[in-house]
file work.cif (mmCIF, C-alpha atoms and all ligand atoms)
data_coords
#
loop_
_atom_site.label_atom_id
_atom_site.label_comp_id
_atom_site.auth_asym_id
_atom_site.auth_seq_id
_atom_site.Cartn_x
_atom_site.Cartn_y
_atom_site.Cartn_z
CA MET A 22 -12.08 4.89 -13.31
CA LEU A 23 -14.27 3.52 -10.57
CA PRO A 24 -13.96 6.01 -7.68
CA CYS A 25 -13.35 4.11 -4.46
CA PHE A 26 -12.63 4.70 -0.78
CA ARG A 27 -10.94 2.28 1.57
CA TRP A 28 -13.08 1.08 4.46
CA PHE A 29 -11.64 -0.87 7.41
CA GLY A 30 -14.97 -2.50 8.31
CA PRO A 31 -17.59 -1.73 10.95
CA SER A 32 -15.03 -0.34 13.42
CA ASP A 33 -13.79 2.26 10.90
CA PRO A 34 -14.58 5.75 12.23
CA VAL A 35 -15.50 6.72 8.65
CA SER A 36 -18.89 5.18 7.86
CA LEU A 37 -20.06 3.79 4.54
CA GLU A 38 -22.66 6.54 4.41
CA ARG A 39 -19.93 9.19 4.54
CA ILE A 40 -17.96 7.33 1.90
CA ARG A 41 -20.95 7.64 -0.41
CA GLN A 42 -21.19 11.37 0.35
CA ALA A 43 -17.55 11.76 -0.72
CA GLY A 44 -18.48 10.71 -4.26
CA ALA A 45 -17.12 7.17 -4.16
CA THR A 46 -19.22 4.38 -5.59
CA GLY A 47 -16.77 1.58 -4.86
CA VAL A 48 -15.39 0.31 -1.57
CA VAL A 49 -12.00 -1.28 -0.98
CA SER A 50 -12.05 -3.56 2.04
CA ALA A 51 -11.03 -6.87 3.56
CA LEU A 52 -12.06 -9.29 6.30
CA HIS A 53 -10.02 -7.34 8.83
CA ASP A 54 -11.29 -9.45 11.71
CA VAL A 55 -9.87 -12.69 10.30
CA PRO A 56 -6.34 -13.20 11.65
CA ALA A 57 -3.60 -13.31 9.01
CA GLY A 58 -2.88 -16.87 8.04
CA GLN A 59 -6.46 -18.06 8.57
CA ALA A 60 -8.57 -18.90 5.51
CA TRP A 61 -11.49 -16.64 4.60
CA THR A 62 -14.89 -18.25 4.25
CA VAL A 63 -17.58 -17.71 1.63
CA GLU A 64 -19.97 -16.68 4.43
CA GLY A 65 -17.54 -14.08 5.77
CA VAL A 66 -17.00 -12.61 2.32
CA ALA A 67 -20.73 -12.63 1.53
CA GLU A 68 -21.55 -10.86 4.81
CA LEU A 69 -19.08 -8.05 4.16
CA ARG A 70 -20.42 -7.65 0.66
CA ARG A 71 -23.99 -7.51 1.96
CA ARG A 72 -23.09 -4.69 4.36
CA ILE A 73 -21.38 -2.68 1.64
CA GLU A 74 -24.20 -3.14 -0.83
CA ALA A 75 -26.81 -2.27 1.80
CA ALA A 76 -25.17 1.17 1.93
CA GLY A 77 -25.65 1.60 -1.84
CA LEU A 78 -22.01 0.90 -2.67
CA THR A 79 -20.09 -1.81 -4.54
CA TRP A 80 -17.24 -3.82 -3.04
CA ALA A 81 -14.71 -3.24 -5.83
CA VAL A 82 -11.41 -4.58 -4.49
CA VAL A 83 -10.13 -6.81 -1.70
CA GLU A 84 -7.27 -5.00 0.02
CA SER A 85 -5.64 -7.19 1.14
CA VAL A 86 -5.46 -10.92 1.55
CA PRO A 87 -2.33 -11.01 3.74
CA VAL A 88 0.63 -13.05 2.54
CA PRO A 89 2.27 -14.55 5.65
CA ASP A 90 6.01 -14.23 6.17
CA ALA A 91 6.40 -18.00 5.85
CA ILE A 92 5.64 -17.57 2.13
CA LYS A 93 7.88 -14.55 1.67
CA SER A 94 10.85 -15.99 3.53
CA GLY A 95 10.28 -19.54 2.27
CA GLY A 96 9.91 -20.83 5.83
CA PRO A 97 8.81 -24.34 6.84
CA ASP A 98 5.09 -23.40 6.91
CA ARG A 99 5.16 -22.13 3.36
CA ALA A 100 3.07 -24.87 1.71
CA ALA A 101 0.31 -24.69 4.32
CA ALA A 102 0.23 -20.89 4.08
CA ILE A 103 -0.11 -21.03 0.28
CA ASP A 104 -2.93 -23.49 0.63
CA THR A 105 -4.71 -21.12 3.01
CA PHE A 106 -4.16 -18.21 0.62
CA LYS A 107 -5.75 -20.23 -2.19
CA ARG A 108 -8.76 -21.05 -0.02
CA SER A 109 -9.22 -17.34 0.69
CA LEU A 110 -9.07 -16.62 -3.06
CA SER A 111 -11.70 -19.24 -3.68
CA ALA A 112 -13.98 -17.67 -1.04
CA VAL A 113 -13.51 -14.27 -2.68
CA GLY A 114 -14.29 -15.85 -6.05
CA HIS A 115 -17.61 -17.16 -4.75
CA ALA A 116 -18.92 -14.00 -3.15
CA GLY A 117 -16.54 -11.06 -3.46
CA PRO A 118 -14.94 -8.64 -5.92
CA ARG A 119 -12.79 -9.60 -8.91
CA VAL A 120 -9.59 -7.91 -7.76
CA VAL A 121 -7.36 -8.93 -4.85
CA CYS A 122 -4.55 -6.60 -3.78
CA TYR A 123 -1.61 -8.00 -1.80
CA ASN A 124 1.98 -7.12 -1.05
CA PHE A 125 5.25 -9.00 -0.74
CA MET A 126 7.02 -6.84 1.84
CA PRO A 127 8.89 -8.79 4.51
CA VAL A 128 7.89 -8.25 8.16
CA LEU A 129 6.49 -4.72 7.87
CA ASP A 130 3.75 -3.44 5.59
CA TRP A 131 4.10 0.29 4.83
CA THR A 132 6.50 2.24 7.02
CA ARG A 133 6.64 5.88 8.12
CA THR A 134 8.46 7.63 10.94
CA ASP A 135 6.03 10.50 11.60
CA LEU A 136 2.24 10.40 11.38
CA ARG A 137 1.61 14.07 12.18
CA TRP A 138 4.14 16.10 10.23
CA ARG A 139 3.10 19.70 9.63
CA HIS A 140 2.70 20.18 5.87
CA PRO A 141 3.24 23.72 4.52
CA SER A 142 -0.56 23.98 4.02
CA GLY A 143 -1.06 23.58 7.78
CA GLY A 144 -2.53 20.07 7.52
CA LEU A 145 -0.79 17.05 9.03
CA ALA A 146 0.94 14.59 6.71
CA LEU A 147 2.77 11.25 6.92
CA ARG A 148 6.52 11.41 6.60
CA PHE A 149 9.51 9.11 6.28
CA ASP A 150 12.77 10.43 7.69
CA TRP A 151 16.02 8.49 7.36
CA THR A 152 17.57 9.99 10.48
CA ASP A 153 14.63 8.83 12.61
CA LEU A 154 14.63 5.38 11.06
CA ALA A 155 18.36 4.97 11.61
CA ALA A 156 18.02 6.32 15.17
CA TYR A 157 15.49 3.63 15.98
CA ASP A 158 17.49 0.90 14.27
CA LEU A 159 20.87 1.81 15.78
CA CYS A 160 19.88 2.98 19.25
CA ALA A 161 16.66 1.19 20.23
CA LEU A 162 16.78 -2.02 18.25
CA GLN A 163 20.59 -2.15 18.17
CA ARG A 164 20.41 -4.48 15.18
CA ARG A 165 23.63 -6.34 14.51
CA ASP A 166 25.57 -4.86 11.57
CA ALA A 167 23.05 -2.03 11.21
CA ASP A 168 25.86 0.52 10.93
CA ALA A 169 26.84 -0.98 7.59
CA ASP A 170 23.43 0.01 6.17
CA TYR A 171 23.82 3.76 6.75
CA PRO A 172 26.31 6.37 5.56
CA ALA A 173 28.61 7.27 8.47
CA ASP A 174 27.39 10.87 8.72
CA LEU A 175 23.77 9.74 8.87
CA ALA A 176 24.61 7.31 11.68
CA VAL A 177 26.22 10.15 13.63
CA ARG A 178 23.17 12.40 13.17
CA ALA A 179 20.86 9.51 14.10
CA ARG A 180 22.68 8.88 17.40
CA GLU A 181 22.59 12.57 18.19
CA ARG A 182 18.89 12.77 17.45
CA TRP A 183 18.10 9.74 19.59
CA GLY A 184 20.15 11.26 22.41
CA ALA A 185 18.11 14.45 22.21
CA MET A 186 14.69 12.70 22.23
CA ASP A 187 12.74 12.33 25.46
CA GLU A 188 11.10 9.03 26.38
CA ALA A 189 7.75 10.09 24.92
CA ALA A 190 9.31 10.86 21.54
CA ARG A 191 11.25 7.60 21.56
CA GLY A 192 8.10 5.63 22.37
CA ARG A 193 6.14 7.43 19.66
CA LEU A 194 8.82 6.66 17.07
CA GLU A 195 8.92 3.00 18.05
CA ARG A 196 5.14 2.65 17.86
CA THR A 197 5.04 4.39 14.50
CA VAL A 198 7.67 2.12 13.01
CA ILE A 199 6.86 -1.33 14.37
CA GLU A 200 3.37 -1.45 15.84
CA GLY A 201 1.67 -1.61 12.44
CA LEU A 202 -0.05 1.07 10.38
CA PRO A 203 -3.69 0.71 9.25
CA GLY A 204 -4.27 -2.38 7.14
CA SER A 205 -1.06 -4.11 8.26
CA ASP A 206 -1.63 -7.70 9.21
CA ALA A 207 1.04 -7.60 11.92
CA GLY A 208 2.36 -5.28 14.59
CA TYR A 209 5.26 -6.06 16.88
CA GLY A 210 6.89 -5.46 20.21
CA ARG A 211 10.64 -4.84 20.04
CA ALA A 212 11.84 -8.39 20.80
CA GLU A 213 9.25 -9.89 18.51
CA PHE A 214 10.29 -7.51 15.74
CA ALA A 215 13.92 -8.56 16.14
CA ARG A 216 12.86 -12.23 15.86
CA ALA A 217 10.80 -11.50 12.74
CA LEU A 218 13.84 -9.82 11.14
CA ALA A 219 16.03 -12.79 12.07
CA ALA A 220 13.75 -15.13 10.11
CA TYR A 221 15.13 -13.40 6.98
CA ASP A 222 18.76 -14.17 7.74
CA GLY A 223 20.10 -15.59 4.49
CA VAL A 224 17.14 -14.33 2.45
CA GLY A 225 18.45 -11.67 0.07
CA ALA A 226 16.70 -9.93 -2.81
CA ALA A 227 17.30 -12.87 -5.18
CA GLU A 228 15.74 -15.35 -2.73
CA LEU A 229 12.77 -13.09 -1.99
CA GLN A 230 12.17 -12.57 -5.71
CA ALA A 231 12.36 -16.31 -6.33
CA ASN A 232 9.88 -16.90 -3.49
CA LEU A 233 7.53 -14.37 -5.08
CA ALA A 234 7.80 -16.06 -8.49
CA ASP A 235 7.14 -19.49 -6.92
CA PHE A 236 4.17 -18.09 -5.00
CA LEU A 237 2.69 -16.60 -8.17
CA ALA A 238 3.24 -19.78 -10.15
CA GLU A 239 1.09 -21.55 -7.57
CA VAL A 240 -1.58 -18.97 -6.83
CA ALA A 241 -2.17 -17.37 -10.26
CA PRO A 242 -3.85 -20.55 -11.60
CA ALA A 243 -5.95 -20.71 -8.42
CA ALA A 244 -6.94 -17.07 -8.96
CA ALA A 245 -7.95 -17.92 -12.53
CA ASP A 246 -10.10 -20.79 -11.26
CA ALA A 247 -11.72 -18.44 -8.76
CA GLY A 248 -12.28 -15.77 -11.42
CA VAL A 249 -10.20 -13.13 -9.64
CA ARG A 250 -7.11 -11.12 -10.56
CA LEU A 251 -4.19 -10.50 -8.26
CA ALA A 252 -2.74 -7.00 -7.97
CA LEU A 253 0.71 -6.77 -6.41
CA HIS A 254 1.22 -3.58 -4.40
CA PRO A 255 4.71 -2.04 -4.61
CA ASP A 256 7.04 -1.88 -1.63
CA ASP A 257 6.36 1.17 0.51
CA PRO A 258 8.90 2.66 0.72
CA PRO A 259 10.54 1.12 -2.36
CA PHE A 260 13.97 0.47 -0.85
CA PRO A 261 15.35 -1.92 1.79
CA LEU A 262 14.74 -1.20 5.49
CA PHE A 263 16.29 -2.94 8.51
CA GLY A 264 18.44 -5.04 6.20
CA LEU A 265 15.35 -6.70 4.70
CA PRO A 266 15.25 -7.50 0.99
CA ARG A 267 12.76 -5.99 -1.48
CA ALA A 268 11.00 -7.55 -4.47
CA ALA A 269 8.60 -4.99 -5.98
CA SER A 270 10.21 -1.57 -5.91
CA THR A 271 11.05 -0.62 -9.50
CA ALA A 272 9.94 -0.94 -13.12
CA ALA A 273 12.59 -3.63 -13.57
CA ASP A 274 11.06 -5.60 -10.65
CA TYR A 275 7.59 -5.43 -12.20
CA ALA A 276 8.89 -6.38 -15.64
CA ARG A 277 10.45 -9.48 -14.11
CA ILE A 278 7.46 -10.41 -11.95
CA LEU A 279 4.81 -9.89 -14.62
CA GLY A 280 6.96 -11.74 -17.14
CA ALA A 281 7.72 -14.67 -14.82
CA VAL A 282 4.05 -15.61 -14.64
CA ASP A 283 2.74 -14.04 -17.79
CA ARG A 284 -1.01 -14.26 -17.42
CA PRO A 285 -3.72 -11.71 -16.72
CA GLU A 286 -4.35 -12.97 -13.17
CA ASN A 287 -0.85 -11.78 -12.29
CA GLY A 288 -1.48 -8.05 -12.22
CA MET A 289 -0.35 -4.94 -10.41
CA THR A 290 -1.63 -2.28 -8.07
CA LEU A 291 -0.28 0.98 -9.44
CA CYS A 292 0.58 2.87 -6.25
CA THR A 293 2.01 6.17 -7.43
CA GLY A 294 2.89 7.26 -3.90
CA SER A 295 4.92 4.17 -3.10
CA LEU A 296 6.75 4.12 -6.42
CA GLY A 297 7.29 7.89 -6.34
CA ALA A 298 9.40 7.72 -3.18
CA ARG A 299 12.37 6.70 -5.27
CA ARG A 300 14.10 9.13 -7.58
CA ASP A 301 14.74 6.61 -10.36
CA ASN A 302 11.05 5.65 -10.56
CA ASP A 303 8.70 7.62 -12.80
CA PRO A 304 5.17 6.55 -11.81
CA ALA A 305 3.66 8.04 -14.99
CA ALA A 306 6.07 6.02 -17.15
CA ILE A 307 5.37 2.89 -15.09
CA ALA A 308 1.61 3.43 -15.55
CA GLU A 309 2.12 3.64 -19.29
CA ARG A 310 4.49 0.67 -19.54
CA PHE A 311 2.42 -1.82 -17.54
CA ALA A 312 -1.01 -0.39 -18.41
CA ASP A 313 -2.60 -3.66 -19.47
CA ARG A 314 -1.71 -5.38 -16.19
CA ILE A 315 -2.94 -2.64 -13.84
CA GLN A 316 -5.92 -3.95 -11.90
CA PHE A 317 -6.16 -1.22 -9.30
CA ALA A 318 -4.78 2.29 -8.80
CA HIS A 319 -3.72 4.00 -5.57
CA LEU A 320 -3.32 7.66 -6.49
CA ARG A 321 -1.14 9.65 -4.12
CA ASN A 322 1.83 11.98 -4.42
CA VAL A 323 5.03 12.38 -2.45
CA THR A 324 7.67 15.06 -2.28
CA LEU A 325 11.11 13.57 -2.17
CA GLU A 326 13.79 15.61 -0.43
CA PRO A 327 17.45 15.72 -1.58
CA ASP A 328 18.56 13.25 1.13
CA GLY A 329 15.91 10.63 0.29
CA CYS A 330 13.45 11.55 3.05
CA PHE A 331 9.91 12.10 1.78
CA TYR A 332 6.52 13.33 2.86
CA GLU A 333 3.06 12.73 1.51
CA ASP A 334 2.03 15.79 -0.45
CA GLU A 335 -1.34 16.91 -1.77
CA HIS A 336 -2.66 14.55 -4.42
CA LEU A 337 -1.90 16.96 -7.28
CA ALA A 338 1.36 18.30 -5.87
CA GLY A 339 4.62 16.42 -5.29
CA GLY A 340 6.89 14.74 -7.78
CA THR A 341 4.43 12.66 -9.80
CA ASP A 342 2.68 14.04 -12.83
CA MET A 343 -0.80 12.95 -11.75
CA VAL A 344 -2.48 14.31 -14.87
CA ALA A 345 -0.23 12.07 -16.99
CA VAL A 346 -1.04 9.06 -14.78
CA VAL A 347 -4.81 9.62 -15.02
CA ASP A 348 -4.52 10.18 -18.77
CA SER A 349 -2.67 6.89 -19.10
CA LEU A 350 -5.31 5.02 -17.11
CA LEU A 351 -8.14 6.54 -19.17
CA ARG A 352 -6.48 5.50 -22.42
CA GLU A 353 -6.02 1.99 -21.05
CA GLU A 354 -9.68 1.84 -20.04
CA ARG A 355 -10.67 2.76 -23.56
CA ARG A 356 -8.42 0.07 -25.06
CA ARG A 357 -9.95 -2.51 -22.71
CA ALA A 358 -13.49 -1.43 -23.52
CA GLU A 359 -12.75 -1.71 -27.25
CA ALA A 360 -11.31 -5.18 -26.70
CA GLY A 361 -14.43 -6.16 -24.75
CA ARG A 362 -12.48 -6.81 -21.54
CA ALA A 363 -14.59 -7.28 -18.42
CA ASP A 364 -12.03 -5.30 -16.39
CA ALA A 365 -12.35 -2.16 -18.53
CA GLU A 366 -13.13 0.10 -15.58
CA ILE A 367 -10.11 0.42 -13.31
CA PRO A 368 -10.89 0.87 -9.60
CA MET A 369 -9.04 3.86 -8.17
CA ARG A 370 -8.82 5.23 -4.68
CA PRO A 371 -7.26 8.40 -3.36
CA ASP A 372 -4.51 6.86 -1.31
CA HIS A 373 -4.15 8.47 2.10
CA GLY A 374 -4.97 12.10 2.76
CA HIS A 375 -3.82 14.86 5.05
CA LEU A 376 -5.31 15.29 8.47
CA LEU A 377 -7.33 18.46 7.93
CA ALA A 378 -9.69 20.71 9.85
CA ASP A 379 -11.53 19.08 12.77
CA ASP A 380 -10.42 15.58 11.69
CA ALA A 381 -7.14 16.42 13.46
CA ASP A 382 -8.92 16.14 16.84
CA LYS A 383 -10.88 12.97 16.08
CA PRO A 384 -9.89 9.32 16.31
CA THR A 385 -8.70 8.39 12.83
CA ASN A 386 -6.68 5.68 11.13
CA PRO A 387 -3.40 7.38 10.13
CA GLY A 388 -3.58 8.28 6.45
CA TYR A 389 -7.26 7.34 6.33
CA SER A 390 -9.10 10.30 7.83
CA TYR A 391 -12.22 11.48 6.03
CA ILE A 392 -11.70 15.06 4.93
CA GLY A 393 -8.21 14.65 3.49
CA ARG A 394 -9.26 11.70 1.37
CA LEU A 395 -12.47 13.45 0.33
CA LYS A 396 -10.33 16.35 -0.91
CA GLY A 397 -8.00 13.95 -2.74
CA LEU A 398 -10.88 12.15 -4.43
CA ALA A 399 -12.48 15.43 -5.48
CA GLU A 400 -9.22 16.66 -7.04
CA LEU A 401 -8.61 13.38 -8.85
CA ARG A 402 -12.15 13.24 -10.19
CA GLY A 403 -11.74 16.80 -11.40
CA VAL A 404 -8.68 15.80 -13.38
CA GLU A 405 -10.48 12.76 -14.73
CA THR A 406 -13.54 14.73 -15.79
CA ALA A 407 -11.47 17.41 -17.53
CA LEU A 408 -9.41 14.85 -19.41
CA ARG A 409 -12.45 12.84 -20.36
CA GLN A 410 -14.33 15.82 -21.72
CA ARG A 411 -11.49 17.45 -23.60
CA LEU A 412 -9.20 14.63 -24.63
CA HIS A 413 -11.19 11.43 -24.57
CA PRO A 414 -14.72 12.52 -25.55
C1 LIG A 501 -1.21 1.60 2.93
C2 LIG A 501 -1.62 0.57 1.98
C3 LIG A 501 -0.89 -0.74 2.18
C4 LIG A 501 -1.46 -1.79 1.25
C5 LIG A 501 -0.80 -3.12 1.32
C6 LIG A 501 -1.29 -3.99 0.21
O1 LIG A 501 -1.84 2.59 3.06
O2 LIG A 501 -1.50 1.01 0.70
O3 LIG A 501 -1.03 -1.16 3.49
O4 LIG A 501 -2.80 -1.99 1.59
O5 LIG A 501 0.57 -3.01 1.28
O6 LIG A 501 -1.21 -5.31 0.60
#
call {"tool": "encode", "arguments": {"input": "work.cif", "output": "structure tokens"}}
result
Amino acid sequence: MLPCFRWFGPSDPVSLERIRQAGATGVVSALHDVPAGQAWTVEGVAELRRRIEAAGLTWAVVESVPVPDAIKSGGPDRAAAIDTFKRSLSAVGHAGPRVVCYNFMPVLDWTRTDLRWRHPSGGLALRFDWTDLAAYDLCALQRRDADADYPADLAVRARERWGAMDEAARGRLERTVIEGLPGSDAGYGRAEFARALAAYDGVGAAELQANLADFLAEVAPAAADAGVRLALHPDDPPFPLFGLPRAASTAADYARILGAVDRPENGMTLCTGSLGARRDNDPAAIAERFADRIQFAHLRNVTLEPDGCFYEDEHLAGGTDMVAVVDSLLREERRRAEAGRADAEIPMRPDHGHLLADDADKPTNPGYSYIGRLKGLAELRGVETALRQRLHP
């Protein structure tokens, strides 16, 4: 596996030099300064690559080229947005890496309700709590028909919790949920968020899935022309929120998507943390089943609680058998090498990390502090080295 770290560009508090010290050789990045919906240029891509290479690193993966909501919802600007996406792919093809990660989540990219939850180790972790989410939905947003989306007892607890929160806690929850986490291409104010949700009226799971298949039918050939492979990131979390539909949450979703446009440019990002937040997903089994289409791996672990809430655990703790996942990826790499595939080495990054030690007092991108990710990468590379030496010599 190619050990990577995500870098949000020159404004990232974690420098490329520190990324190299952590043991990564690859960088995962994007043109974060280009607004979503605007085409990337060859010059922009080449400049970012130059910066990364000047630090002695390789730009391994684009994460992400944003897919605008017009494409996901099938809105009137869909055709123009697809054209822009293709132009960005072509720019990446001329000067950037061979893998482009993207997601197909409506309105919100990844969603959590708490960015500083005290993990039993003492570090601070990201958490998703259903009561908080429902409290925001029912009491702040007051979304029409929202009650129908929650069990009655949860709705009662959510209203009680909202009632007990002071203004500061309410504001923090709202910012966490709708203002956009690192890497999101959009953040919202409350009214704007409500409008963005309304654009999906009448778009259910079947429509969203059809829009994804249509999108791939158009962009996968463009990716092939550009010499890049697309890697669809799973929904995070992998279940509907705010009444929005989902398209990439389960093994059955990926079987359908990868089969609908059955070509190597239509690949997947194996995100064990996203997939693992659902009890009926087994990330190790998904890694094994779709091995030959995995273009990129996000390795992270979650602990799922009995009521469906979850928190981000240490990389080798939590519900996912990380050793089995790494073993699966190493076997796939060997198969690809034997078949002479150019994508034999799979880029991997430790996804997120706890806020540890003095990082807790520094400005950081939630989930993307230095020390927690450094620890995650070290643990994952330890597993990889052990497996390589003993099982795959
Ligand atoms: C969160 C990330 C996601 C991911 C996008 C892919 O930490 O994994 O924001 O980059 O969903 O497009």
call {"tool": "axis_aligned_box", "arguments": {"input": "work.cif", "around": "stretch 114-117 of chain A", "padding_each_side": "8 Å", "output": "JSON"}}
result
{"center_x": -16.6, "center_y": -14.1, "center_z": -4.6, "size_x": 20.6, "size_y": 22.1, "size_z": 18.9}
call {"tool": "residues_near_ligand", "arguments": {"input": "work.cif", "ligand": "ligand LIG 501 (chain A)", "cutoff": "7 Å", "atoms": "only C-alpha atoms and all ligand atoms", "output": "mmCIF file with C-alpha atoms, in the frame of the given file"}}
result
data_model
loop_
_atom_site.group_PDB
_atom_site.id
_atom_site.type_symbol
_atom_site.label_atom_id
_atom_site.label_comp_id
_atom_site.auth_asym_id
_atom_site.auth_seq_id
_atom_site.Cartn_x
_atom_site.Cartn_y
_atom_site.Cartn_z
ATOM 1 C CA GLU A 84 -7.270 -5.000 0.020
ATOM 2 C CA SER A 85 -5.640 -7.190 1.140
ATOM 3 C CA PRO A 87 -2.330 -11.010 3.740
ATOM 4 C CA CYS A 122 -4.550 -6.600 -3.780
ATOM 5 C CA TYR A 123 -1.610 -8.000 -1.800
ATOM 6 C CA ASN A 124 1.980 -7.120 -1.050
ATOM 7 C CA ASP A 130 3.750 -3.440 5.590
ATOM 8 C CA TRP A 131 4.100 0.290 4.830
ATOM 9 C CA PRO A 203 -3.690 0.710 9.250
ATOM 10 C CA GLY A 204 -4.270 -2.380 7.140
ATOM 11 C CA SER A 205 -1.060 -4.110 8.260
ATOM 12 C CA HIS A 254 1.220 -3.580 -4.400
ATOM 13 C CA ASP A 372 -4.510 6.860 -1.310
ATOM 14 C CA HIS A 373 -4.150 8.470 2.100
ATOM 15 C CA GLY A 388 -3.580 8.280 6.450
#
call {"tool": "residues_around", "arguments": {"input": "work.cif", "residues": "A:Asp283", "least_positions_apart": "3", "cutoff": "10 Å", "atoms": "all atoms listed in the file", "output": "NGL selection string"}}
result
:A and (237-238 or 241 or 277-280 or 286-288 or 314)
call {"tool": "residues_around", "arguments": {"input": "work.cif", "residues": "A:Asp328", "least_positions_apart": "3", "cutoff": "12 Å", "atoms": "all atoms listed in the file", "output": "PDB file with C-alpha atoms, in the coordinates of the input"}}
result
ATOM      1  CA  PHE A 149       9.510   9.110   6.280  1.00  0.00           C
ATOM      2  CA  ASP A 150      12.770  10.430   7.690  1.00  0.00           C
ATOM      3  CA  TRP A 151      16.020   8.490   7.360  1.00  0.00           C
ATOM      4  CA  THR A 152      17.570   9.990  10.480  1.00  0.00           C
ATOM      5  CA  PRO A 172      26.310   6.370   5.560  1.00  0.00           C
ATOM      6  CA  ASP A 174      27.390  10.870   8.720  1.00  0.00           C
ATOM      7  CA  LEU A 175      23.770   9.740   8.870  1.00  0.00           C
ATOM      8  CA  ALA A 298       9.400   7.720  -3.180  1.00  0.00           C
ATOM      9  CA  ARG A 299      12.370   6.700  -5.270  1.00  0.00           C
ATOM     10  CA  ARG A 300      14.100   9.130  -7.580  1.00  0.00           C
ATOM     11  CA  THR A 324       7.670  15.060  -2.280  1.00  0.00           C
ATOM     12  CA  LEU A 325      11.110  13.570  -2.170  1.00  0.00           C
ATOM     13  CA  PHE A 331       9.910  12.100   1.780  1.00  0.00           C
TER      14      PHE A 331
END
call {"tool": "residues_around", "arguments": {"input": "work.cif", "residues": "A:Ala360", "least_positions_apart": "6", "cutoff": "12 Å", "atoms": "only C-alpha atoms", "output": "compact mmCIF listing (two decimals) with C-alpha atoms, in the frame of the given file"}}
result
# COMPACT_ATOMS: atom_id res chain seq x y z
CA ASP A 313 -2.60 -3.66 -19.47
CA GLU A 353 -6.02 1.99 -21.05
CA GLU A 354 -9.68 1.84 -20.04
call {"tool": "atom_distance", "arguments": {"input": "work.cif", "atom1": "atom CA of A:Glu38", "atom2": "atom CA of A:Ala75"}}
result
10.1 Å
call {"tool": "atom_distance", "arguments": {"input": "work.cif", "atom1": "atom CA of A:His319", "atom2": "atom CA of A:His413"}}
result
21.7 Å
call {"tool": "closest_residue", "arguments": {"input": "work.cif", "among": "A:Arg164, A:Arg180, A:Arg119, A:Lys396", "to": "A:Ala219", "atoms": "only C-alpha atoms"}}
result
A:Arg164
call {"tool": "atom_distance", "arguments": {"input": "work.cif", "atom1": "atom CA of A:Thr46", "atom2": "atom CA of A:Leu23"}}
result
7.1 Å
call {"tool": "residues_around", "arguments": {"input": "work.cif", "residues": "A:Arg211", "least_positions_apart": "4", "cutoff": "8 Å", "atoms": "only C-alpha atoms", "output": "PyMOL selection string"}}
result
chain A and resi 162+199+215
call {"tool": "residues_around", "arguments": {"input": "work.cif", "residues": "A:Asn322", "least_positions_apart": "4", "cutoff": "9 Å", "atoms": "only C-alpha atoms", "output": "JSON, numbers by chain"}}
result
{"A": [293, 294, 295, 297, 298, 332, 333, 334, 335, 336, 337, 338, 339, 340, 341, 342, 343, 372]}
call {"tool": "closest_residue", "arguments": {"input": "work.cif", "among": "A:Asp246, A:Glu64, A:Asp256, A:Asp104", "to": "A:Thr132", "atoms": "all atoms listed in the file"}}
result
A:Asp256
call {"tool": "closest_residue", "arguments": {"input": "work.cif", "among": "A:Leu262, A:Asp135, A:Lys107, A:Thr385", "to": "A:Ser32", "atoms": "only C-alpha atoms"}}
result
A:Thr385
call {"tool": "closest_residue", "arguments": {"input": "work.cif", "among": "A:Ala312, A:Val86, A:Ala185, A:Leu218", "to": "A:Leu129", "atoms": "all atoms listed in the file"}}
result
A:Leu218
call {"tool": "closest_residue", "arguments": {"input": "work.cif", "among": "A:Arg321, A:Leu136, A:Gly225, A:Ala146", "to": "A:Leu398", "atoms": "only C-alpha atoms"}}
result
A:Arg321
call {"tool": "closest_residue", "arguments": {"input": "work.cif", "among": "A:Ala173, A:Ile73, A:Ala161, A:Leu233", "to": "A:Lys93", "atoms": "only C-alpha atoms"}}
result
A:Leu233
call {"tool": "residues_near_point", "arguments": {"input": "work.cif", "point": "(-10.4, 4.8, -21.1)", "cutoff": "7 Å", "atoms": "only C-alpha atoms", "output": "JSON, numbers by chain"}}
result
{"A": [350, 351, 352, 353, 354, 355, 356]}
call {"tool": "residues_near_point", "arguments": {"input": "work.cif", "point": "(-11.0, 6.0, -7.0)", "cutoff": "7 Å", "atoms": "only C-alpha atoms", "output": "NGL selection string"}}
result
:A and (22-26 or 45 or 368-371 or 398)
